[in-house]
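Shown below: start25.txt, with compact mmCIF, C-alpha atoms.
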```
# COMPACT_ATOMS: atom_id res chain seq x y z
CA MET A 1 23.59 9.39 9.16
CA ILE A 2 20.09 8.69 10.46
CA SER A 3 18.80 8.60 14.00
CA ASN A 4 18.11 5.49 16.06
CA LYS A 5 14.62 6.91 16.58
CA LEU A 6 13.94 6.78 12.84
CA LEU A 7 15.26 3.21 12.58
CA LEU A 8 12.89 2.15 15.35
CA GLN A 9 9.94 3.95 13.72
CA LEU A 10 10.67 2.34 10.36
CA GLU A 11 10.87 -1.09 11.95
CA GLN A 12 7.61 -0.62 13.85
CA LEU A 13 5.76 0.34 10.67
CA LEU A 14 7.39 -2.01 8.17
CA VAL A 15 6.83 -5.08 10.35
CA GLN A 16 3.09 -4.52 9.75
CA ILE A 17 3.46 -5.24 6.02
CA PRO A 18 1.88 -8.59 5.04
CA ALA A 19 4.33 -11.38 4.26
CA LEU A 20 2.25 -13.10 1.53
CA TRP A 21 1.40 -11.22 -1.66
CA ASN A 22 -1.08 -12.66 -4.15
CA CYS A 23 -0.94 -11.16 -7.65
CA ARG A 24 -4.68 -10.70 -8.16
CA LYS A 25 -5.42 -9.44 -4.66
CA ALA A 26 -2.52 -6.98 -4.84
CA VAL A 27 -3.60 -5.62 -8.23
CA LEU A 28 -7.21 -5.21 -7.10
CA GLU A 29 -6.12 -3.57 -3.84
CA MET A 30 -4.04 -1.01 -5.75
CA ARG A 31 -6.81 -0.40 -8.30
CA ASP A 32 -9.55 0.02 -5.69
CA PHE A 33 -7.36 2.45 -3.74
CA GLY A 34 -6.83 4.51 -6.88
CA TYR A 35 -3.10 3.81 -7.03
CA PRO A 36 -2.01 4.76 -10.58
CA HIS A 37 0.45 1.88 -11.15
CA TRP A 38 -1.94 -1.06 -10.73
CA LYS A 39 -1.73 -1.85 -14.44
CA GLN A 40 2.04 -2.42 -14.38
CA MET A 41 3.31 -5.89 -15.28
CA GLU A 42 6.01 -5.87 -12.56
CA TRP A 43 3.39 -5.59 -9.86
CA ILE A 44 5.48 -6.68 -6.84
CA GLY A 45 7.69 -3.59 -6.99
CA PHE A 46 4.76 -1.24 -7.30
CA TYR A 47 2.79 -3.11 -4.63
CA PHE A 48 5.65 -2.74 -2.17
CA GLN A 49 5.90 0.94 -3.02
CA PHE A 50 2.13 1.23 -2.50
CA LEU A 51 2.41 -0.42 0.92
CA CYS A 52 5.34 1.79 1.93
CA ASP A 53 3.55 4.92 0.74
CA ASN A 54 0.61 4.11 3.01
CA LYS A 55 2.64 2.94 6.02
CA LEU A 56 5.45 5.49 6.04
CA ALA A 57 3.76 8.73 5.00
CA LYS A 58 3.54 9.85 8.64
CA LEU A 59 7.34 9.83 8.95
CA GLY A 60 8.11 12.44 6.32
CA ASN A 61 7.51 13.26 2.67
CA ILE A 62 6.28 10.89 -0.05
CA PRO A 63 7.48 11.18 -2.73
CA GLY A 64 10.95 12.37 -1.87
CA PRO A 65 13.20 14.94 -3.56
CA LYS A 66 13.70 15.03 -7.31
CA TYR A 67 16.97 15.47 -9.17
CA GLY A 68 16.47 16.08 -12.87
CA LYS A 69 13.97 13.47 -14.02
CA SER A 70 14.74 11.06 -11.16
CA GLU A 71 12.68 11.11 -7.99
CA PHE A 72 13.19 9.29 -4.71
CA ASP A 73 10.23 7.43 -3.23
CA GLY A 74 10.36 9.12 0.16
CA PHE A 75 12.27 11.40 2.49
CA PHE A 76 12.79 10.59 6.18
CA GLU A 77 15.95 12.41 7.32
CA VAL A 78 17.54 11.28 4.01
CA PRO A 79 16.04 10.32 0.62
CA TRP A 80 14.84 6.70 0.38
CA ASP A 81 13.79 4.33 -2.37
CA PHE A 82 11.48 1.33 -1.90
CA LYS A 83 12.30 -1.84 -3.85
CA ALA A 84 11.07 -5.44 -3.93
CA HIS A 85 13.66 -8.08 -4.78
CA PRO A 86 13.03 -11.76 -5.58
CA ILE A 87 15.79 -14.01 -4.22
CA LYS A 88 15.73 -16.04 -7.46
CA ASN A 89 14.77 -15.24 -11.03
CA ALA A 90 12.34 -17.23 -13.17
CA LYS A 91 15.09 -19.77 -13.98
CA GLY A 92 15.88 -20.36 -10.32
CA VAL A 93 19.17 -18.46 -10.43
CA LEU A 94 20.07 -16.36 -7.38
CA ASN A 95 19.60 -12.60 -7.80
CA LYS A 96 22.68 -11.18 -6.11
CA SER A 97 22.26 -7.58 -7.26
CA VAL A 98 19.50 -5.00 -7.47
CA ILE A 99 19.15 -1.98 -9.76
CA ILE A 100 18.44 1.20 -7.82
CA ASN A 101 18.14 4.88 -8.71
CA ASP A 102 19.84 7.12 -11.25
CA ARG A 103 23.56 7.43 -10.42
CA ILE A 104 23.59 11.22 -10.85
CA ALA A 105 20.53 11.60 -8.61
CA ILE A 106 22.15 9.42 -5.94
CA TYR A 107 25.38 11.46 -6.03
CA GLU A 108 23.43 14.72 -5.77
CA ALA A 109 21.31 13.42 -2.89
CA ILE A 110 24.38 12.18 -1.00
CA LYS A 111 26.05 15.55 -1.54
CA GLN A 112 23.00 17.33 -0.11
CA PHE A 113 22.00 14.99 2.73
CA GLY A 114 25.06 12.83 3.41
CA ALA A 115 23.43 9.53 2.40
CA VAL A 116 20.54 7.86 0.63
CA GLY A 117 18.57 4.89 1.90
CA LEU A 118 17.07 1.77 0.36
CA ILE A 119 14.14 -0.12 1.88
CA LEU A 120 14.46 -3.51 0.23
CA ALA A 121 11.80 -6.23 0.45
CA ILE A 122 13.44 -9.62 -0.14
CA GLY A 123 11.57 -12.85 -0.71
CA GLU A 124 10.68 -15.72 -3.02
CA ALA A 125 8.57 -15.16 -6.12
CA GLU A 126 6.50 -17.69 -8.02
CA TYR A 127 6.25 -17.36 -11.81
CA ASN A 128 3.56 -18.35 -14.33
CA ASP A 129 5.79 -20.80 -16.16
CA THR A 130 2.94 -22.78 -17.73
CA ASP A 131 -0.26 -21.22 -16.35
CA ARG A 132 -0.79 -17.82 -18.00
CA SER A 133 -4.21 -17.21 -16.42
CA PHE A 134 -3.01 -14.22 -14.37
CA GLN A 135 -1.59 -12.62 -17.49
CA VAL A 136 -4.92 -13.05 -19.32
CA TRP A 137 -6.90 -11.83 -16.29
CA HIS A 138 -4.69 -8.75 -15.85
CA LYS A 139 -4.93 -7.86 -19.55
CA GLU A 140 -8.74 -8.07 -19.45
CA LEU A 141 -8.87 -6.03 -16.23
CA LYS A 142 -6.79 -3.31 -17.85
CA GLY A 143 -9.06 -3.28 -20.88
CA GLY A 144 -6.59 -4.70 -23.38
CA LEU A 145 -2.90 -4.70 -24.23
CA SER A 146 -0.59 -2.00 -22.91
CA ASN A 147 1.59 0.09 -25.25
CA TYR A 148 4.55 -1.99 -24.06
CA GLU A 149 2.81 -5.24 -25.04
CA GLU A 150 1.73 -3.87 -28.41
CA LYS A 151 5.34 -2.86 -29.20
CA ARG A 152 6.54 -6.29 -28.04
CA LEU A 153 4.16 -8.01 -30.46
CA LEU A 154 5.38 -5.78 -33.29
CA ARG A 155 8.94 -6.84 -32.47
CA ASP A 156 7.80 -10.47 -32.31
CA ALA A 157 9.54 -10.69 -28.92
CA PRO A 158 8.58 -13.45 -26.47
CA SER A 159 6.28 -12.60 -23.57
CA ARG A 160 8.03 -12.34 -20.20
CA LEU A 161 6.95 -14.58 -17.35
CA ARG A 162 4.76 -12.88 -14.78
CA LYS A 163 5.23 -13.14 -11.03
CA THR A 164 2.10 -14.59 -9.46
CA PHE A 165 3.03 -14.78 -5.78
CA PHE A 166 5.62 -13.34 -3.41
CA ARG A 167 6.66 -14.55 0.03
CA LEU A 168 8.36 -11.78 1.97
CA SER A 169 11.23 -13.10 4.10
CA GLU A 170 12.90 -9.87 5.23
CA ILE A 171 13.08 -6.13 4.72
CA ASP A 172 16.59 -4.69 4.70
CA LEU A 173 17.33 -1.06 5.46
CA ILE A 174 20.47 -0.08 3.56
CA LEU A 175 22.32 3.24 3.70
CA ILE A 176 24.64 4.43 0.94
CA ASP A 177 27.10 7.29 1.45
CA ASP A 178 29.98 8.70 -0.59
CA THR A 179 32.41 6.05 0.70
CA ILE A 180 30.14 3.29 -0.63
CA VAL A 181 28.65 4.65 -3.85
CA LYS A 182 31.98 5.11 -5.63
CA ASP A 183 32.55 1.34 -5.58
CA LEU A 184 29.09 0.36 -6.84
CA GLY A 185 28.45 -0.93 -10.34
CA SER A 186 26.40 0.66 -13.12
CA PHE A 187 23.45 -0.46 -15.22
CA GLN A 188 22.33 1.04 -18.54
CA GLU A 189 25.68 2.77 -19.03
CA GLY A 190 25.57 4.34 -22.50
CA PHE A 191 21.92 3.39 -23.10
CA ARG A 192 19.51 5.75 -24.87
CA ASN A 193 15.81 6.47 -24.44
CA SER A 194 13.26 5.73 -27.16
CA ASP A 195 13.62 9.31 -28.45
CA GLY A 196 17.39 8.88 -28.83
CA SER A 197 18.37 11.02 -25.84
CA PRO A 198 21.08 9.64 -23.49
CA ARG A 199 19.81 7.65 -20.52
CA ASN A 200 21.51 8.20 -17.18
CA ALA A 201 23.15 5.09 -15.79
CA LYS A 202 21.57 3.50 -12.75
CA VAL A 203 23.44 2.15 -9.74
CA LEU A 204 23.77 -1.63 -9.52
CA LEU A 205 23.92 -2.74 -5.89
CA ASP A 206 25.75 -5.99 -5.09
CA LEU A 207 23.83 -7.36 -2.11
CA THR A 208 26.64 -9.72 -1.15
CA LYS A 209 28.81 -6.69 -0.35
CA MET A 210 26.25 -4.61 1.54
CA LYS A 211 25.65 -4.62 5.28
CA PRO A 212 22.15 -3.38 6.15
CA VAL A 213 21.74 -1.08 9.14
CA LYS A 214 18.59 -3.04 10.04
CA ILE A 215 17.08 -6.38 8.96
CA ILE A 216 13.41 -6.99 9.70
CA LYS A 217 12.57 -10.69 9.54
CA PHE A 218 9.18 -12.16 8.57
```

Will you turn the file into structure tokens for me?
Amino acid sequence: MISNKLLLQLEQLLVQIPALWNCRKAVLEMRDFGYPHWKQMEWIGFYFQFLCDNKLAKLGNIPGPKYGKSEFDGFFEVPWDFKAHPIKNAKGVLNKSVIINDRIAIYEAIKQFGAVGLILAIGEAEYNDTDRSFQVWHKELKGGLSNYEEKRLLRDAPSRLRKTFFRLSEIDLILIDDTIVKDLGSFQEGFRNSDGSPRNAKVLLDLTKMKPVKIIKF
């Protein structure tokens, strides 16, 4: 589905990614570079995408192809997405699955290119269970509450814990073709957007059942 040359090139570039990610340093790095997603609460995912954008741009196109409203993060022989995945959630429970792209977009991409790829950064995250200083700092840096936070306060919903640190242990390169995707689970099936329009289901990937084509250890 992809060449051995591409696998080698991906490994050579991805191994250069730093293994330790500090919340404040990552946010400032993205902001100073002009990366538009530095204000996002889930910073580790956007930081990994930021790092991949900078490291992998020489291999192909970033972003990748778009199907409807869903866009892949890059294209190197096949469409790829870049995801960061904490091994455990804030309660210490193992995260055995990861939500990836729109199911329809994945089917269309596989139909066109034979497969889609996932570059998955796996590691341990630390959460601000009692110390909310990063949350306060990030809010002040952004210039106040986001629309999401304002709506949360109106709903009187509890504030989610923020990730403050991430230790990268490995990057898995995973390929998904038509023989694999049909057996994968769904997320947001039957959900609707804020305007009431139907939301396409996303693919839920069970990591215990996937065999990466390459594992890069850190």

Of the candidates A:Val78, A:Leu207, A:Cys52, A:Ile215, which one gets nearest to Leu94 in chain A if we count only C-alpha atoms?
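Answer, going by the shortest atom-to-atom distance: A:Leu207.
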
A:Asp102, A:Asp129, A:Glu140, A:Asp183 ranked by distance to Lys202 in chain A, top pick (using only C-alpha atoms)
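That would be A:Asp102, the residue with the smallest distance to Lys202 in chain A.
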
Judged by only C-alpha atoms, the minimum distance to Leu7 in chain A among A:Phe166, A:Phe113, A:Phe76, A:Tyr107 is found for A:Phe76

In Å, with one decimal, what is the gap from CA of Ser186 in chain A to CA of Gly114 in chain A?
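Separation between CA of Ser186 in chain A and CA of Gly114 in chain A: 20.6 Å.
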
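Across the model, the gap from CA of Phe48 in chain A to CA of Met30 in chain A is 10.5 Å.
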
Just the residues within 10 Å of Leu120 in chain A, please, counting all atoms listed in the file, with nothing from its chain fewer than 4 positions along; format it as a ChimeraX atom specification.
/A:45,48,81-85,98,170-174,212,215

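Comparing the minimum interatomic distances between Leu14 in chain A and each of A:Lys39, A:Arg160, A:Arg31, A:Lys55, counting only C-alpha atoms, we find that A:Lys55 sits nearest.
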
Selected residue, from A:Glu29, A:Glu42, A:Asp73, A:Asp178, that lies nearest to Ala57 in chain A when counting only C-alpha atoms
A:Asp73

Given only C-alpha atoms as the counted atoms, nearest of A:Gly117, A:Gly143, A:Gly123, A:Pro86 to Val181 in chain A
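Smallest distance to Val181 in chain A is found for A:Gly117.
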
Place a sphere of radius 8 Å on (24.5, 1.8, -13.3) in the file coordinates and name every protein, DNA or RNA residue with an atom inside or on its surface, counting only C-alpha atoms; give the answer as number ranges by chain.
A: 99, 102-103, 185-189, 201-204
